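Contents: one structure, followed by commentary.
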Amino acid sequence: MSLPRVVRFDGRDELVDDLARRLMALIVARQSVNDSASLCLTGGDLANEVYSRMAELTPQFTVRPDDIHLWWNWDYFIATDDPQRNSLQALSRLAGAAPLDPAKIHPVPSSSTTPDPESGAAQYAQELKEAAPIDVCLLELGSQGQIAGLYPPIRRYPESVLVAGVTGVPGDDRHLITMTDHAIGLSSEVWVMASGLDVAPALHQLDSAAATFLPDDEDLLWFADHDAVTQLPFHHCTL
C-alpha cells in the first residue's frame, strides 16, 4: 500500500482545526441533500481534540444536530459509564454544544448491556446492517500501528464479519469491540489521522507496502502533522 492522498500540516493544532472544519462542512453538505448525516467516530487523545474543536465551531455552521447519526468504530468492553469509554468521551465534548438526538446515537455495546465482547459484536453488526450507509469513518493511527481496535499483525476476518470482539490487546488487559475492515470499507469515505513522532514508524511501515486493511482508493484520505510524516518521502513538483 502507498499513501496517495495525504494532507500534511505543520503542527497538531492545525491538523485538529482543519479536520474539525471538514467534518462540520461534511455534515452541512450531507444534510443539505439527505435527511441526516452519519459519522463513525473513533477514540484517542487526538480524536477528542477534534471533537472539542467541532463543539467550538458549531455556532459557525448551520447544522441540524438532531439529524446526526453517531457510530463508533471501536470501544472498550467496560461499563457504559466508565470514563475510559470512547463514546462517553466524545459525547461529553459534542453533546454540550448541540442537542443530539439520543435515538441517533449508536454506542458500541458495553459490559453493562451485553455478557461478553462476542455477543456485543454480533449485536452491533446487526445494527450496522440495518443502518443507512455511513458518510465518513474517522480513524486514528496508534503508536503500535493499530487502527480502530485492530493491532498488527492485522487479523483477516471473513467478509461476513463486520464487528469483532478482541482480547489480548498488547500491553492492555481490557477487552474491546471493533469494526473490521469490511465494516469500515462500507463508509462512503474513510479519514485517518496521524500525529506525533511516536506514530512516524507505523506510518512509514504502512507507506512501505506493509499489509494493511484500509481501502487503497479515492475514498481514503490521510491527515498527518509534520512529526508523523518525518519518515515518509517528500516529493517536490514543479508545474
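By order of appearance in the C-alpha cells: chains A, B, ..., then residues from 1 within every chain, and ligands from 1 in the order shown.
The neighbours of range 42-50 of chain A here are the residues that come within 9 Å of it, using only C-alpha atoms and leaving out any residue fewer than 4 positions away in the same chain; they are Arg12, Asp13, Leu15, Val16, Asp17, Leu19, Ala20, Met54, Ala55, Trp71, Trp72, Asn73, Trp74, Asp75, Arg85, Asn86, Ser87, Gln89, Ala90, Arg93, Cys137, Leu138, Leu139, Glu140, Gly142, Ala148, Met193, Ala194 and Ser195 of chain A.
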message = Residues near Ala164 in chain A, anyone? I mean within 10 Å using only C-alpha atoms, not counting same-chain ones fewer than 6 positions away, as a list in words.
response =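 These residues fall inside the cut-off: Trp74, Pro117, Glu118, Ser119, Gly120, Ala121, Ala122, Tyr124, Ala125, Gly149, Leu150, Tyr157, Leu176, Ile177, Thr178, Met179 and Thr180 of chain A.
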All residues 8 Å or closer to Ala202 in chain A, only C-alpha atoms, same chain fewer than 6 positions away omitted, as a list in words
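The residues satisfying every condition are Leu141, Gly142, Ser143, Gln144 and Gly145 of chain A.
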Take the residues that were just selected and, keeping C-alpha atoms, output them as a PDB file, in the first residue's frame.
ATOM      1  CA  LEU A 141      -3.265   5.618  13.723  1.00  0.00           C
ATOM      2  CA  GLY A 142      -1.796   4.485  17.047  1.00  0.00           C
ATOM      3  CA  SER A 143       1.859   4.201  18.019  1.00  0.00           C
ATOM      4  CA  GLN A 144       1.687   0.388  17.811  1.00  0.00           C
ATOM      5  CA  GLY A 145       0.318   0.591  14.274  1.00  0.00           C
TER       6      GLY A 145
END
Assign secondary structure with DSSP using the backbone only, and return the residues of range 20-209 of chain A in strand (DSSP E) as an NGL selection string. :A and (37-41 or 68-72 or 74-76 or 105-106 or 136-140 or 163-166 or 176-179 or 189-194)
With only C-alpha atoms as the counted atoms, please give the residues lying no more than 8 Å from Lys104 in chain A, apart from itself and same-chain residues fewer than 2 positions off, as a list of chain:residue names.
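Here the answer would be A:Asp66, A:Asp67, A:Ile68, A:His69, A:Leu70, A:Leu100, A:Asp101, A:Pro102, A:His106.
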Export N, CA and C atoms of the chosen residues as a PDB file, in the first residue's frame?
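Generated file (again26.pdb):
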ATOM      1  N   ASP A  66     -30.013  17.378  15.663  1.00  0.00           N
ATOM      2  CA  ASP A  66     -30.902  16.236  15.881  1.00  0.00           C
ATOM      3  C   ASP A  66     -31.006  15.336  14.658  1.00  0.00           C
ATOM      4  N   ASP A  67     -30.309  15.694  13.559  1.00  0.00           N
ATOM      5  CA  ASP A  67     -30.289  14.859  12.361  1.00  0.00           C
ATOM      6  C   ASP A  67     -28.871  14.347  12.085  1.00  0.00           C
ATOM      7  N   ILE A  68     -28.150  14.042  13.146  1.00  0.00           N
ATOM      8  CA  ILE A  68     -26.809  13.473  13.027  1.00  0.00           C
ATOM      9  C   ILE A  68     -26.794  12.095  13.693  1.00  0.00           C
ATOM     10  N   HIS A  69     -26.422  11.087  12.924  1.00  0.00           N
ATOM     11  CA  HIS A  69     -26.225   9.752  13.482  1.00  0.00           C
ATOM     12  C   HIS A  69     -24.750   9.590  13.856  1.00  0.00           C
ATOM     13  N   LEU A  70     -24.489   9.101  15.058  1.00  0.00           N
ATOM     14  CA  LEU A  70     -23.127   8.861  15.510  1.00  0.00           C
ATOM     15  C   LEU A  70     -22.921   7.382  15.798  1.00  0.00           C
ATOM     16  N   LEU A 100     -28.066  16.720  20.524  1.00  0.00           N
ATOM     17  CA  LEU A 100     -28.112  15.491  19.726  1.00  0.00           C
ATOM     18  C   LEU A 100     -29.328  14.657  20.108  1.00  0.00           C
ATOM     19  N   ASP A 101     -29.828  13.911  19.134  1.00  0.00           N
ATOM     20  CA  ASP A 101     -30.975  13.035  19.364  1.00  0.00           C
ATOM     21  C   ASP A 101     -30.479  11.704  19.930  1.00  0.00           C
ATOM     22  N   PRO A 102     -30.849  11.344  21.161  1.00  0.00           N
ATOM     23  CA  PRO A 102     -30.370  10.070  21.746  1.00  0.00           C
ATOM     24  C   PRO A 102     -30.699   8.858  20.892  1.00  0.00           C
ATOM     25  N   HIS A 106     -25.392   5.733  18.518  1.00  0.00           N
ATOM     26  CA  HIS A 106     -25.264   4.276  18.469  1.00  0.00           C
ATOM     27  C   HIS A 106     -23.924   3.842  19.070  1.00  0.00           C
TER      28      HIS A 106
END
Counting only C-alpha atoms, what is within 12 Å of Asp135 in chain A, bar same-chain residues fewer than 2 positions away, as a PyMOL selection string?
-> chain A and resi 23+26-31+34+36-41+68-71+131-133+137-138+184-191+219
Output N, CA and C atoms for every residue in the selection just made, as a short mmCIF file (atom, residue, chain, number, x, y, z; two decimals), in the first residue's frame.
data_model
loop_
_atom_site.label_atom_id
_atom_site.label_comp_id
_atom_site.auth_asym_id
_atom_site.auth_seq_id
_atom_site.Cartn_x
_atom_site.Cartn_y
_atom_site.Cartn_z
N LEU A 23 -15.15 18.12 8.93
CA LEU A 23 -16.25 17.29 9.42
C LEU A 23 -17.53 18.10 9.54
N LEU A 26 -18.82 18.70 6.11
CA LEU A 26 -19.41 17.47 5.55
C LEU A 26 -20.82 17.26 6.09
N ILE A 27 -21.02 17.51 7.39
CA ILE A 27 -22.35 17.38 7.98
C ILE A 27 -23.34 18.31 7.28
N VAL A 28 -22.93 19.56 7.09
CA VAL A 28 -23.80 20.53 6.43
C VAL A 28 -24.13 20.07 5.01
N ALA A 29 -23.10 19.60 4.29
CA ALA A 29 -23.31 19.17 2.90
C ALA A 29 -24.25 17.97 2.82
N ARG A 30 -24.06 17.00 3.69
CA ARG A 30 -24.91 15.81 3.67
C ARG A 30 -26.35 16.17 4.05
N GLN A 31 -26.50 17.03 5.04
CA GLN A 31 -27.85 17.40 5.47
C GLN A 31 -28.56 18.26 4.44
N ASN A 34 -29.67 15.15 2.13
CA ASN A 34 -30.26 13.98 2.77
C ASN A 34 -31.01 14.38 4.03
N SER A 36 -30.30 13.24 6.93
CA SER A 36 -29.37 13.29 8.05
C SER A 36 -27.95 13.03 7.57
N ALA A 37 -27.00 13.25 8.47
CA ALA A 37 -25.60 12.92 8.23
C ALA A 37 -25.20 11.84 9.22
N SER A 38 -24.23 11.01 8.83
CA SER A 38 -23.84 9.89 9.65
C SER A 38 -22.32 9.83 9.77
N LEU A 39 -21.82 9.87 11.01
CA LEU A 39 -20.39 9.82 11.27
C LEU A 39 -20.06 8.60 12.11
N CYS A 40 -18.93 7.97 11.80
CA CYS A 40 -18.41 6.87 12.62
C CYS A 40 -17.15 7.40 13.31
N LEU A 41 -17.22 7.54 14.63
CA LEU A 41 -16.15 8.16 15.39
C LEU A 41 -15.18 7.12 15.93
N ILE A 68 -28.15 14.04 13.15
CA ILE A 68 -26.81 13.47 13.03
C ILE A 68 -26.79 12.10 13.69
N HIS A 69 -26.42 11.09 12.92
CA HIS A 69 -26.22 9.75 13.48
C HIS A 69 -24.75 9.59 13.86
N LEU A 70 -24.49 9.10 15.06
CA LEU A 70 -23.13 8.86 15.51
C LEU A 70 -22.92 7.38 15.80
N TRP A 71 -21.88 6.83 15.21
CA TRP A 71 -21.44 5.45 15.46
C TRP A 71 -20.00 5.50 15.96
N ALA A 131 -28.67 -0.16 9.22
CA ALA A 131 -28.50 1.29 9.15
C ALA A 131 -28.21 1.75 7.73
N ALA A 132 -28.43 3.03 7.51
CA ALA A 132 -28.05 3.64 6.23
C ALA A 132 -26.53 3.73 6.16
N PRO A 133 -25.96 3.82 4.96
CA PRO A 133 -24.50 3.93 4.84
C PRO A 133 -23.95 5.11 5.63
N CYS A 137 -16.00 7.58 8.01
CA CYS A 137 -15.46 6.84 9.15
C CYS A 137 -14.13 7.49 9.53
N LEU A 138 -14.05 7.99 10.75
CA LEU A 138 -12.85 8.67 11.23
C LEU A 138 -12.00 7.69 12.04
N ILE A 184 -15.61 -1.02 8.02
CA ILE A 184 -15.00 0.30 7.76
C ILE A 184 -15.11 0.65 6.28
N GLY A 185 -14.93 -0.35 5.42
CA GLY A 185 -14.98 -0.11 3.98
C GLY A 185 -16.36 0.21 3.45
N LEU A 186 -17.39 0.01 4.26
CA LEU A 186 -18.75 0.33 3.83
C LEU A 186 -19.04 1.83 3.90
N SER A 187 -18.21 2.58 4.63
CA SER A 187 -18.41 4.03 4.73
C SER A 187 -18.11 4.69 3.39
N SER A 188 -18.82 5.77 3.11
CA SER A 188 -18.59 6.48 1.84
C SER A 188 -17.17 7.02 1.75
N GLU A 189 -16.63 7.47 2.90
CA GLU A 189 -15.26 7.97 2.96
C GLU A 189 -14.62 7.47 4.24
N VAL A 190 -13.29 7.29 4.18
CA VAL A 190 -12.52 6.89 5.35
C VAL A 190 -11.40 7.91 5.53
N TRP A 191 -11.38 8.57 6.70
CA TRP A 191 -10.36 9.57 7.02
C TRP A 191 -9.53 9.07 8.18
N ASP A 219 -11.45 6.88 -1.83
CA ASP A 219 -12.28 7.10 -0.65
C ASP A 219 -11.47 7.24 0.62
#
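Shortest atom-to-atom contact with Tyr76 in chain A among A:Ser110, A:Gln126, A:Thr230, A:Thr58: A:Ser110, counting only C-alpha atoms.
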Quiz item: Just asking: which residues within range 10-182 of chain A are helix (DSSP H, G or I) according to DSSP, as number ranges by chain?
Solution: A: 12-33, 45-60, 65-67, 86-94, 102-104, 117-130, 181-182
Include C-alpha atoms and write out the residues we just selected as a PDB file, in the first residue's frame.
ATOM      1  CA  ARG A  12      -1.079  19.167  15.591  1.00  0.00           C
ATOM      2  CA  ASP A  13      -3.266  22.213  16.270  1.00  0.00           C
ATOM      3  CA  GLU A  14      -3.519  22.973  12.562  1.00  0.00           C
ATOM      4  CA  LEU A  15      -4.499  19.363  11.845  1.00  0.00           C
ATOM      5  CA  VAL A  16      -7.180  19.396  14.554  1.00  0.00           C
ATOM      6  CA  ASP A  17      -8.702  22.654  13.333  1.00  0.00           C
ATOM      7  CA  ASP A  18      -8.735  21.663   9.663  1.00  0.00           C
ATOM      8  CA  LEU A  19     -10.191  18.223  10.311  1.00  0.00           C
ATOM      9  CA  ALA A  20     -12.885  19.597  12.614  1.00  0.00           C
ATOM     10  CA  ARG A  21     -13.886  22.142   9.972  1.00  0.00           C
ATOM     11  CA  ARG A  22     -14.014  19.474   7.271  1.00  0.00           C
ATOM     12  CA  LEU A  23     -16.246  17.292   9.423  1.00  0.00           C
ATOM     13  CA  MET A  24     -18.610  20.164  10.162  1.00  0.00           C
ATOM     14  CA  ALA A  25     -18.713  21.102   6.479  1.00  0.00           C
ATOM     15  CA  LEU A  26     -19.415  17.471   5.553  1.00  0.00           C
ATOM     16  CA  ILE A  27     -22.354  17.382   7.980  1.00  0.00           C
ATOM     17  CA  VAL A  28     -23.795  20.533   6.427  1.00  0.00           C
ATOM     18  CA  ALA A  29     -23.313  19.171   2.903  1.00  0.00           C
ATOM     19  CA  ARG A  30     -24.915  15.814   3.672  1.00  0.00           C
ATOM     20  CA  GLN A  31     -27.854  17.398   5.473  1.00  0.00           C
ATOM     21  CA  SER A  32     -28.459  19.697   2.510  1.00  0.00           C
ATOM     22  CA  VAL A  33     -29.275  16.717   0.293  1.00  0.00           C
ATOM     23  CA  ASP A  45      -6.479  11.928  22.563  1.00  0.00           C
ATOM     24  CA  LEU A  46      -6.235  13.332  19.043  1.00  0.00           C
ATOM     25  CA  ALA A  47      -9.827  12.370  18.275  1.00  0.00           C
ATOM     26  CA  ASN A  48     -11.020  14.038  21.466  1.00  0.00           C
ATOM     27  CA  GLU A  49      -9.222  17.228  20.480  1.00  0.00           C
ATOM     28  CA  VAL A  50     -11.061  17.158  17.150  1.00  0.00           C
ATOM     29  CA  TYR A  51     -14.425  16.697  18.902  1.00  0.00           C
ATOM     30  CA  SER A  52     -13.698  19.591  21.256  1.00  0.00           C
ATOM     31  CA  ARG A  53     -12.855  21.794  18.281  1.00  0.00           C
ATOM     32  CA  MET A  54     -16.049  20.716  16.492  1.00  0.00           C
ATOM     33  CA  ALA A  55     -18.035  21.810  19.542  1.00  0.00           C
ATOM     34  CA  GLU A  56     -16.328  25.199  19.454  1.00  0.00           C
ATOM     35  CA  LEU A  57     -17.076  25.577  15.733  1.00  0.00           C
ATOM     36  CA  THR A  58     -20.753  24.608  15.971  1.00  0.00           C
ATOM     37  CA  PRO A  59     -22.047  28.227  16.029  1.00  0.00           C
ATOM     38  CA  GLN A  60     -20.258  28.874  12.715  1.00  0.00           C
ATOM     39  CA  PRO A  65     -27.825  18.419  15.497  1.00  0.00           C
ATOM     40  CA  ASP A  66     -30.902  16.236  15.881  1.00  0.00           C
ATOM     41  CA  ASP A  67     -30.289  14.859  12.361  1.00  0.00           C
ATOM     42  CA  ASN A  86     -14.696   6.374  23.726  1.00  0.00           C
ATOM     43  CA  SER A  87     -18.380   7.144  23.313  1.00  0.00           C
ATOM     44  CA  LEU A  88     -18.593   8.850  26.697  1.00  0.00           C
ATOM     45  CA  GLN A  89     -15.515  10.959  25.993  1.00  0.00           C
ATOM     46  CA  ALA A  90     -16.836  12.049  22.596  1.00  0.00           C
ATOM     47  CA  LEU A  91     -20.351  12.822  23.803  1.00  0.00           C
ATOM     48  CA  SER A  92     -19.076  14.818  26.771  1.00  0.00           C
ATOM     49  CA  ARG A  93     -17.489  17.158  24.226  1.00  0.00           C
ATOM     50  CA  LEU A  94     -20.109  17.209  21.471  1.00  0.00           C
ATOM     51  CA  PRO A 102     -30.370  10.070  21.746  1.00  0.00           C
ATOM     52  CA  ALA A 103     -32.182   7.775  19.313  1.00  0.00           C
ATOM     53  CA  LYS A 104     -29.496   8.518  16.704  1.00  0.00           C
ATOM     54  CA  PRO A 117     -17.431  -8.917  23.651  1.00  0.00           C
ATOM     55  CA  GLU A 118     -18.514 -11.522  21.095  1.00  0.00           C
ATOM     56  CA  SER A 119     -22.207 -11.038  21.895  1.00  0.00           C
ATOM     57  CA  GLY A 120     -21.762  -7.277  21.780  1.00  0.00           C
ATOM     58  CA  ALA A 121     -20.003  -7.514  18.432  1.00  0.00           C
ATOM     59  CA  ALA A 122     -22.840  -9.563  16.964  1.00  0.00           C
ATOM     60  CA  GLN A 123     -25.388  -7.059  18.255  1.00  0.00           C
ATOM     61  CA  TYR A 124     -23.521  -4.068  16.806  1.00  0.00           C
ATOM     62  CA  ALA A 125     -23.050  -5.819  13.469  1.00  0.00           C
ATOM     63  CA  GLN A 126     -26.800  -6.321  13.210  1.00  0.00           C
ATOM     64  CA  GLU A 127     -27.394  -2.624  13.931  1.00  0.00           C
ATOM     65  CA  LEU A 128     -24.954  -1.690  11.183  1.00  0.00           C
ATOM     66  CA  LYS A 129     -26.650  -3.977   8.675  1.00  0.00           C
ATOM     67  CA  GLU A 130     -29.953  -2.236   9.323  1.00  0.00           C
ATOM     68  CA  ASP A 181     -12.045  -3.785   7.607  1.00  0.00           C
ATOM     69  CA  HIS A 182     -15.247  -4.948   5.946  1.00  0.00           C
TER      70      HIS A 182
END
task = Kindly indicate which residue among A:Val163, A:Gln146, A:Pro152, A:Ala224 lies nearest to Val192 in chain A, using only C-alpha atoms for the distances.
result =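 Smallest separation from Val192 in chain A among the options: A:Ala224.
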